[in-house]
>>> print(open('work.txt').read())   # compact mmCIF, N, CA and C atoms
# COMPACT_ATOMS: atom_id res chain seq x y z
N MET A 1 169.35 86.18 157.09
CA MET A 1 168.58 84.96 157.06
C MET A 1 168.38 84.55 155.60
N LEU A 2 168.72 83.32 155.28
CA LEU A 2 168.60 82.79 153.93
C LEU A 2 167.21 82.18 153.76
N VAL A 3 166.51 82.63 152.73
CA VAL A 3 165.16 82.14 152.46
C VAL A 3 165.19 81.45 151.10
N THR A 4 164.69 80.23 151.05
CA THR A 4 164.61 79.49 149.79
C THR A 4 163.17 79.50 149.30
N LEU A 5 163.00 79.92 148.06
CA LEU A 5 161.66 79.97 147.49
C LEU A 5 161.32 78.66 146.80
N PRO A 6 160.12 78.15 147.01
CA PRO A 6 159.68 77.01 146.20
C PRO A 6 159.64 77.45 144.73
N PRO A 7 159.93 76.57 143.78
CA PRO A 7 160.02 76.96 142.37
C PRO A 7 158.76 77.62 141.81
N ASP A 8 157.59 77.24 142.30
CA ASP A 8 156.34 77.78 141.76
C ASP A 8 155.69 78.79 142.72
N TYR A 9 156.47 79.38 143.62
CA TYR A 9 155.92 80.29 144.63
C TYR A 9 155.38 81.56 143.99
N ARG A 10 154.21 81.98 144.46
CA ARG A 10 153.63 83.28 144.13
C ARG A 10 153.07 83.86 145.43
N PRO A 11 153.32 85.14 145.69
CA PRO A 11 152.78 85.74 146.91
C PRO A 11 151.26 85.61 146.96
N SER A 12 150.75 85.44 148.17
CA SER A 12 149.33 85.23 148.35
C SER A 12 148.81 86.13 149.46
N GLU A 13 147.56 86.55 149.31
CA GLU A 13 146.90 87.38 150.33
C GLU A 13 146.71 86.60 151.63
N ASP A 14 146.82 85.25 151.56
CA ASP A 14 146.58 84.40 152.73
C ASP A 14 147.76 84.39 153.70
N GLU A 15 148.90 84.93 153.29
CA GLU A 15 150.08 84.89 154.17
C GLU A 15 150.40 86.29 154.69
N GLU A 16 151.28 86.35 155.66
CA GLU A 16 151.68 87.62 156.25
C GLU A 16 152.26 88.53 155.17
N PHE A 17 151.79 89.80 155.14
CA PHE A 17 152.26 90.75 154.14
C PHE A 17 153.73 91.06 154.36
N MET A 18 154.51 90.96 153.31
CA MET A 18 155.95 91.19 153.29
C MET A 18 156.69 90.29 154.28
N SER A 19 156.25 89.03 154.30
CA SER A 19 156.95 88.00 155.07
C SER A 19 158.33 87.80 154.44
N PRO A 20 159.24 87.13 155.12
CA PRO A 20 160.57 86.89 154.53
C PRO A 20 160.49 86.21 153.16
N VAL A 21 159.53 85.30 152.97
CA VAL A 21 159.40 84.62 151.68
C VAL A 21 158.93 85.61 150.60
N GLN A 22 157.96 86.46 150.92
CA GLN A 22 157.50 87.46 149.95
C GLN A 22 158.63 88.43 149.60
N LEU A 23 159.35 88.88 150.61
CA LEU A 23 160.47 89.80 150.36
C LEU A 23 161.51 89.16 149.44
N GLU A 24 161.80 87.88 149.67
CA GLU A 24 162.77 87.19 148.82
C GLU A 24 162.23 87.03 147.40
N PHE A 25 160.94 86.79 147.26
CA PHE A 25 160.32 86.71 145.93
C PHE A 25 160.54 88.02 145.17
N PHE A 26 160.25 89.15 145.83
CA PHE A 26 160.39 90.43 145.16
C PHE A 26 161.86 90.79 144.95
N ARG A 27 162.74 90.42 145.87
CA ARG A 27 164.17 90.67 145.69
C ARG A 27 164.66 89.96 144.42
N GLN A 28 164.29 88.69 144.29
CA GLN A 28 164.72 87.93 143.11
C GLN A 28 164.12 88.49 141.82
N LYS A 29 162.86 88.90 141.89
CA LYS A 29 162.19 89.50 140.72
C LYS A 29 162.93 90.77 140.29
N LEU A 30 163.25 91.62 141.26
CA LEU A 30 163.96 92.87 140.96
C LEU A 30 165.37 92.59 140.43
N LEU A 31 166.07 91.65 141.02
CA LEU A 31 167.43 91.33 140.56
C LEU A 31 167.43 90.77 139.14
N ARG A 32 166.44 89.93 138.82
CA ARG A 32 166.34 89.40 137.44
C ARG A 32 166.08 90.53 136.45
N TRP A 33 165.17 91.44 136.80
CA TRP A 33 164.82 92.57 135.93
C TRP A 33 166.06 93.44 135.72
N ARG A 34 166.79 93.70 136.79
CA ARG A 34 168.00 94.52 136.73
C ARG A 34 169.04 93.87 135.81
N ALA A 35 169.25 92.57 135.97
CA ALA A 35 170.22 91.85 135.15
C ALA A 35 169.83 91.89 133.67
N GLU A 36 168.54 91.76 133.39
CA GLU A 36 168.05 91.83 132.01
C GLU A 36 168.30 93.21 131.41
N LEU A 37 168.02 94.26 132.17
CA LEU A 37 168.26 95.63 131.69
C LEU A 37 169.75 95.86 131.42
N LEU A 38 170.60 95.37 132.32
CA LEU A 38 172.04 95.55 132.13
C LEU A 38 172.54 94.76 130.92
N ARG A 39 171.99 93.58 130.71
CA ARG A 39 172.37 92.77 129.54
C ARG A 39 171.98 93.50 128.25
N ASP A 40 170.77 94.04 128.22
CA ASP A 40 170.32 94.80 127.05
C ASP A 40 171.17 96.04 126.84
N ALA A 41 171.54 96.70 127.93
CA ALA A 41 172.34 97.92 127.84
C ALA A 41 173.71 97.63 127.26
N SER A 42 174.30 96.52 127.63
CA SER A 42 175.63 96.22 127.11
C SER A 42 175.55 95.96 125.61
N GLY A 43 174.45 95.40 125.13
CA GLY A 43 174.26 95.23 123.69
C GLY A 43 174.13 96.57 122.98
N THR A 44 173.39 97.50 123.60
CA THR A 44 173.24 98.84 123.03
C THR A 44 174.59 99.53 122.95
N LEU A 45 175.36 99.46 124.04
CA LEU A 45 176.66 100.13 124.05
C LEU A 45 177.59 99.52 123.02
N ALA A 46 177.53 98.21 122.85
CA ALA A 46 178.39 97.55 121.85
C ALA A 46 178.03 98.03 120.44
N SER A 47 176.74 98.13 120.15
CA SER A 47 176.34 98.56 118.80
C SER A 47 176.68 100.04 118.57
N LEU A 48 176.58 100.84 119.62
CA LEU A 48 176.91 102.27 119.46
C LEU A 48 178.41 102.49 119.34
N SER A 49 179.21 101.61 119.91
CA SER A 49 180.66 101.81 119.88
C SER A 49 181.30 101.23 118.61
N GLU A 50 180.47 100.72 117.69
CA GLU A 50 181.00 100.15 116.47
C GLU A 50 181.58 101.21 115.54
N GLY A 51 181.44 102.46 115.89
CA GLY A 51 182.06 103.51 115.08
C GLY A 51 181.02 104.44 114.50
N GLY A 52 181.50 105.28 113.60
CA GLY A 52 180.66 106.31 113.01
C GLY A 52 179.67 105.75 112.02
N ILE A 53 178.90 106.64 111.46
CA ILE A 53 177.90 106.27 110.47
C ILE A 53 178.58 106.26 109.11
N HIS A 54 178.52 105.12 108.43
CA HIS A 54 179.24 104.96 107.16
C HIS A 54 178.31 104.97 105.96
N GLU A 55 177.07 105.32 106.16
CA GLU A 55 176.10 105.32 105.06
C GLU A 55 176.35 106.53 104.17
N SER A 56 176.44 106.29 102.87
CA SER A 56 176.67 107.42 101.96
C SER A 56 175.35 108.07 101.55
N ASP A 57 174.29 107.26 101.49
CA ASP A 57 172.98 107.79 101.12
C ASP A 57 172.40 108.58 102.28
N ILE A 58 171.93 109.77 102.00
CA ILE A 58 171.44 110.66 103.07
C ILE A 58 170.23 110.06 103.80
N THR A 59 169.38 109.33 103.08
CA THR A 59 168.22 108.71 103.71
C THR A 59 168.67 107.59 104.65
N ASP A 60 169.62 106.77 104.21
CA ASP A 60 170.15 105.71 105.06
C ASP A 60 170.82 106.30 106.29
N ARG A 61 171.56 107.38 106.08
CA ARG A 61 172.26 108.04 107.19
C ARG A 61 171.25 108.55 108.23
N ALA A 62 170.18 109.18 107.74
CA ALA A 62 169.14 109.70 108.65
C ALA A 62 168.49 108.55 109.41
N SER A 63 168.26 107.45 108.72
CA SER A 63 167.65 106.29 109.36
C SER A 63 168.55 105.75 110.48
N VAL A 64 169.85 105.66 110.20
CA VAL A 64 170.80 105.16 111.21
C VAL A 64 170.85 106.13 112.40
N GLU A 65 170.86 107.42 112.11
CA GLU A 65 170.89 108.42 113.20
C GLU A 65 169.62 108.34 114.05
N THR A 66 168.48 108.14 113.41
CA THR A 66 167.22 108.00 114.15
C THR A 66 167.26 106.76 115.03
N ASP A 67 167.76 105.64 114.47
CA ASP A 67 167.87 104.40 115.25
C ASP A 67 168.77 104.60 116.46
N ARG A 68 169.88 105.29 116.27
CA ARG A 68 170.81 105.53 117.39
C ARG A 68 170.19 106.41 118.45
N ALA A 69 169.46 107.44 118.02
CA ALA A 69 168.79 108.33 118.98
C ALA A 69 167.77 107.53 119.80
N LEU A 70 167.04 106.64 119.13
CA LEU A 70 166.07 105.81 119.82
C LEU A 70 166.78 104.88 120.81
N GLU A 71 167.91 104.29 120.39
CA GLU A 71 168.67 103.42 121.28
C GLU A 71 169.14 104.18 122.51
N LEU A 72 169.59 105.41 122.31
CA LEU A 72 170.07 106.21 123.44
C LEU A 72 168.94 106.56 124.40
N ARG A 73 167.76 106.88 123.85
CA ARG A 73 166.60 107.17 124.71
C ARG A 73 166.20 105.93 125.50
N THR A 74 166.22 104.79 124.82
CA THR A 74 165.89 103.54 125.49
C THR A 74 166.90 103.24 126.58
N ARG A 75 168.17 103.48 126.29
CA ARG A 75 169.24 103.26 127.26
C ARG A 75 169.08 104.17 128.48
N ASP A 76 168.70 105.43 128.24
CA ASP A 76 168.50 106.37 129.34
C ASP A 76 167.32 105.93 130.20
N ARG A 77 166.26 105.45 129.55
CA ARG A 77 165.10 104.95 130.29
C ARG A 77 165.50 103.75 131.15
N ALA A 78 166.31 102.86 130.58
CA ALA A 78 166.78 101.69 131.33
C ALA A 78 167.63 102.12 132.51
N ARG A 79 168.48 103.13 132.32
CA ARG A 79 169.33 103.63 133.41
C ARG A 79 168.47 104.14 134.57
N LYS A 80 167.40 104.85 134.24
CA LYS A 80 166.50 105.36 135.28
C LYS A 80 165.76 104.22 135.97
N LEU A 81 165.37 103.20 135.20
CA LEU A 81 164.70 102.03 135.78
C LEU A 81 165.63 101.29 136.73
N ILE A 82 166.90 101.15 136.33
CA ILE A 82 167.88 100.46 137.19
C ILE A 82 168.02 101.22 138.51
N ALA A 83 168.04 102.54 138.46
CA ALA A 83 168.12 103.34 139.70
C ALA A 83 166.89 103.07 140.59
N LYS A 84 165.71 102.98 139.97
CA LYS A 84 164.50 102.70 140.74
C LYS A 84 164.53 101.28 141.32
N ILE A 85 165.07 100.34 140.56
CA ILE A 85 165.21 98.97 141.05
C ILE A 85 166.15 98.95 142.25
N ASP A 86 167.27 99.67 142.14
CA ASP A 86 168.21 99.75 143.27
C ASP A 86 167.55 100.35 144.50
N GLN A 87 166.71 101.36 144.31
CA GLN A 87 165.99 101.97 145.43
C GLN A 87 165.02 100.96 146.05
N ALA A 88 164.35 100.17 145.20
CA ALA A 88 163.42 99.15 145.71
C ALA A 88 164.18 98.09 146.51
N LEU A 89 165.35 97.69 146.02
CA LEU A 89 166.16 96.71 146.75
C LEU A 89 166.60 97.28 148.10
N ALA A 90 166.93 98.57 148.12
CA ALA A 90 167.30 99.21 149.39
C ALA A 90 166.11 99.23 150.35
N ARG A 91 164.88 99.44 149.81
CA ARG A 91 163.68 99.43 150.66
C ARG A 91 163.45 98.03 151.23
N ILE A 92 163.77 96.99 150.45
CA ILE A 92 163.66 95.62 150.98
C ILE A 92 164.61 95.47 152.15
N ASP A 93 165.85 95.93 151.98
CA ASP A 93 166.85 95.80 153.05
C ASP A 93 166.46 96.60 154.30
N SER A 94 165.80 97.74 154.10
CA SER A 94 165.46 98.60 155.24
C SER A 94 164.12 98.22 155.89
N GLY A 95 163.35 97.35 155.23
CA GLY A 95 162.05 96.96 155.78
C GLY A 95 160.91 97.85 155.33
N ALA A 96 161.16 98.79 154.42
CA ALA A 96 160.12 99.70 153.96
C ALA A 96 159.41 99.22 152.70
N TYR A 97 159.93 98.18 152.07
CA TYR A 97 159.38 97.71 150.79
C TYR A 97 157.94 97.22 150.96
N GLY A 98 157.11 97.58 149.98
CA GLY A 98 155.73 97.10 149.96
C GLY A 98 154.75 98.02 150.65
N TYR A 99 155.26 99.09 151.24
CA TYR A 99 154.38 100.03 151.94
C TYR A 99 154.41 101.39 151.25
N CYS A 100 153.26 102.01 151.15
CA CYS A 100 153.09 103.29 150.47
C CYS A 100 153.92 104.38 151.17
N GLU A 101 154.66 105.13 150.37
CA GLU A 101 155.46 106.23 150.93
C GLU A 101 154.61 107.34 151.51
N GLU A 102 153.38 107.50 151.01
CA GLU A 102 152.50 108.58 151.49
C GLU A 102 151.68 108.18 152.70
N THR A 103 151.11 106.97 152.65
CA THR A 103 150.15 106.59 153.69
C THR A 103 150.69 105.55 154.67
N GLY A 104 151.74 104.84 154.27
CA GLY A 104 152.26 103.77 155.11
C GLY A 104 151.47 102.48 155.02
N GLU A 105 150.40 102.51 154.22
CA GLU A 105 149.56 101.32 154.02
C GLU A 105 150.24 100.34 153.07
N PRO A 106 149.90 99.05 153.14
CA PRO A 106 150.44 98.09 152.17
C PRO A 106 150.05 98.48 150.74
N ILE A 107 150.98 98.34 149.82
CA ILE A 107 150.73 98.69 148.42
C ILE A 107 149.82 97.68 147.75
N GLY A 108 149.96 96.43 148.08
CA GLY A 108 149.13 95.39 147.46
C GLY A 108 149.98 94.49 146.58
N LEU A 109 149.77 93.20 146.75
CA LEU A 109 150.62 92.22 146.05
C LEU A 109 150.46 92.27 144.53
N ARG A 110 149.23 92.42 144.05
CA ARG A 110 149.02 92.43 142.59
C ARG A 110 149.73 93.62 141.97
N ARG A 111 149.66 94.77 142.61
CA ARG A 111 150.35 95.97 142.09
C ARG A 111 151.86 95.76 142.11
N LEU A 112 152.38 95.19 143.20
CA LEU A 112 153.82 94.97 143.29
C LEU A 112 154.30 93.92 142.29
N GLU A 113 153.49 92.91 142.03
CA GLU A 113 153.88 91.93 141.01
C GLU A 113 153.94 92.58 139.63
N ALA A 114 152.98 93.47 139.34
CA ALA A 114 152.95 94.14 138.05
C ALA A 114 154.03 95.22 137.96
N ARG A 115 154.29 95.91 139.05
CA ARG A 115 155.26 97.01 139.07
C ARG A 115 156.05 96.94 140.38
N PRO A 116 157.07 96.08 140.43
CA PRO A 116 157.78 95.85 141.69
C PRO A 116 158.55 97.07 142.22
N ILE A 117 158.64 98.14 141.42
CA ILE A 117 159.31 99.36 141.90
C ILE A 117 158.31 100.38 142.45
N ALA A 118 157.03 100.00 142.52
CA ALA A 118 156.00 100.93 143.00
C ALA A 118 156.32 101.42 144.42
N THR A 119 156.10 102.70 144.64
CA THR A 119 156.31 103.28 145.97
C THR A 119 155.01 103.82 146.57
N LEU A 120 153.95 103.83 145.75
CA LEU A 120 152.66 104.35 146.22
C LEU A 120 151.58 103.29 146.06
N SER A 121 150.62 103.28 146.97
CA SER A 121 149.46 102.40 146.80
C SER A 121 148.69 102.88 145.58
N LEU A 122 147.81 102.05 145.07
CA LEU A 122 147.04 102.42 143.89
C LEU A 122 146.25 103.70 144.14
N GLU A 123 145.64 103.81 145.32
CA GLU A 123 144.84 105.00 145.64
C GLU A 123 145.72 106.25 145.68
N ALA A 124 146.88 106.15 146.32
CA ALA A 124 147.79 107.31 146.41
C ALA A 124 148.31 107.68 145.03
N GLN A 125 148.61 106.68 144.18
CA GLN A 125 149.08 106.93 142.82
C GLN A 125 148.01 107.65 142.01
N GLU A 126 146.77 107.20 142.14
CA GLU A 126 145.66 107.84 141.41
C GLU A 126 145.48 109.29 141.87
N ARG A 127 145.58 109.52 143.19
CA ARG A 127 145.49 110.89 143.72
C ARG A 127 146.61 111.75 143.15
N HIS A 128 147.80 111.21 143.14
CA HIS A 128 148.98 111.90 142.63
C HIS A 128 148.78 112.27 141.15
N GLU A 129 148.28 111.32 140.35
CA GLU A 129 148.05 111.58 138.92
C GLU A 129 146.96 112.61 138.70
N ARG A 130 145.89 112.57 139.53
CA ARG A 130 144.83 113.58 139.42
C ARG A 130 145.38 114.97 139.70
N MET A 131 146.22 115.08 140.73
CA MET A 131 146.82 116.38 141.07
C MET A 131 147.73 116.87 139.93
N GLU A 132 148.48 115.95 139.33
CA GLU A 132 149.34 116.32 138.20
C GLU A 132 148.51 116.87 137.05
N ARG A 133 147.37 116.18 136.75
CA ARG A 133 146.52 116.64 135.65
C ARG A 133 145.93 118.01 135.94
N ILE A 134 145.50 118.22 137.17
CA ILE A 134 144.92 119.51 137.55
C ILE A 134 145.94 120.61 137.38
N HIS A 135 147.15 120.40 137.87
CA HIS A 135 148.19 121.42 137.80
C HIS A 135 148.71 121.61 136.39
N ARG A 136 148.68 120.55 135.59
CA ARG A 136 149.15 120.65 134.20
C ARG A 136 148.15 121.44 133.37
N ASP A 137 146.85 121.32 133.69
CA ASP A 137 145.83 121.99 132.92
C ASP A 137 145.66 123.46 133.30
N GLU A 138 146.28 123.86 134.39
CA GLU A 138 146.12 125.27 134.82
C GLU A 138 146.90 126.21 133.95
>>> encode(input="work.txt", output="structure tokens")
Amino acid sequence: MLVTLPPDYRPSEDEEFMSPVQLEFFRQKLLRWRAELLRDASGTLASLSEGGIHESDITDRASVETDRALELRTRDRARKLIAKIDQALARIDSGAYGYCEETGEPIGLRRLEARPIATLSLEAQERHERMERIHRDE
């Protein structure tokens, strides 16, 4: 089913949760984010493939190596985000998007707008983080 979004559409609590229009809103949001990450990644790969480090000064060389390491870490983070975006798109296709993986309750529109790859409701996420802190401190 093809759903057309009005240009100024924003999900609202007044409409059915995860209606076809809301799902299309989040699908488009995720696809735009994914395209942006891929565009940035291709720029990173292009700059990294320009060849070796040609700086003769050891300080300049260290600076270039640090910049490259940072670019690679950023690229790895983007790769992981793209995987999460793909998982969110699959949840849209399967009908599971927008619902907490732990409780099955709706995640909430504001949380999904801020973090469209969220898989836990705010309450479940907070519980999860508390448990992580407890176990990390042991």
>>> residues_around(input="work.txt", residues="Thr103 in chain A", least_positions_apart="6", cutoff="8 Å", atoms="only N, CA and C atoms", output="list in words")
Thr119, Leu120, Ser121 and Ala124 of chain A
>>> select_by_dssp(input="work.txt", residues="range 2-138 of chain A", states="alpha helix (DSSP H)", output="count of residues only")
88
>>> residues_around(input="work.txt", residues="Leu122 in chain A", least_positions_apart="3", cutoff="8 Å", atoms="only N, CA and C atoms", output="list in words")
Cys100, Pro106, Ile107, Gly108, Arg111, Thr119, Gln125, Glu126, Arg127 and His128 of chain A
>>> closest_residue(input="work.txt", among="A:Ala41, A:Glu15, A:Arg136, A:Phe25", to="Val3 in chain A", atoms="all atoms listed in the file")
A:Phe25
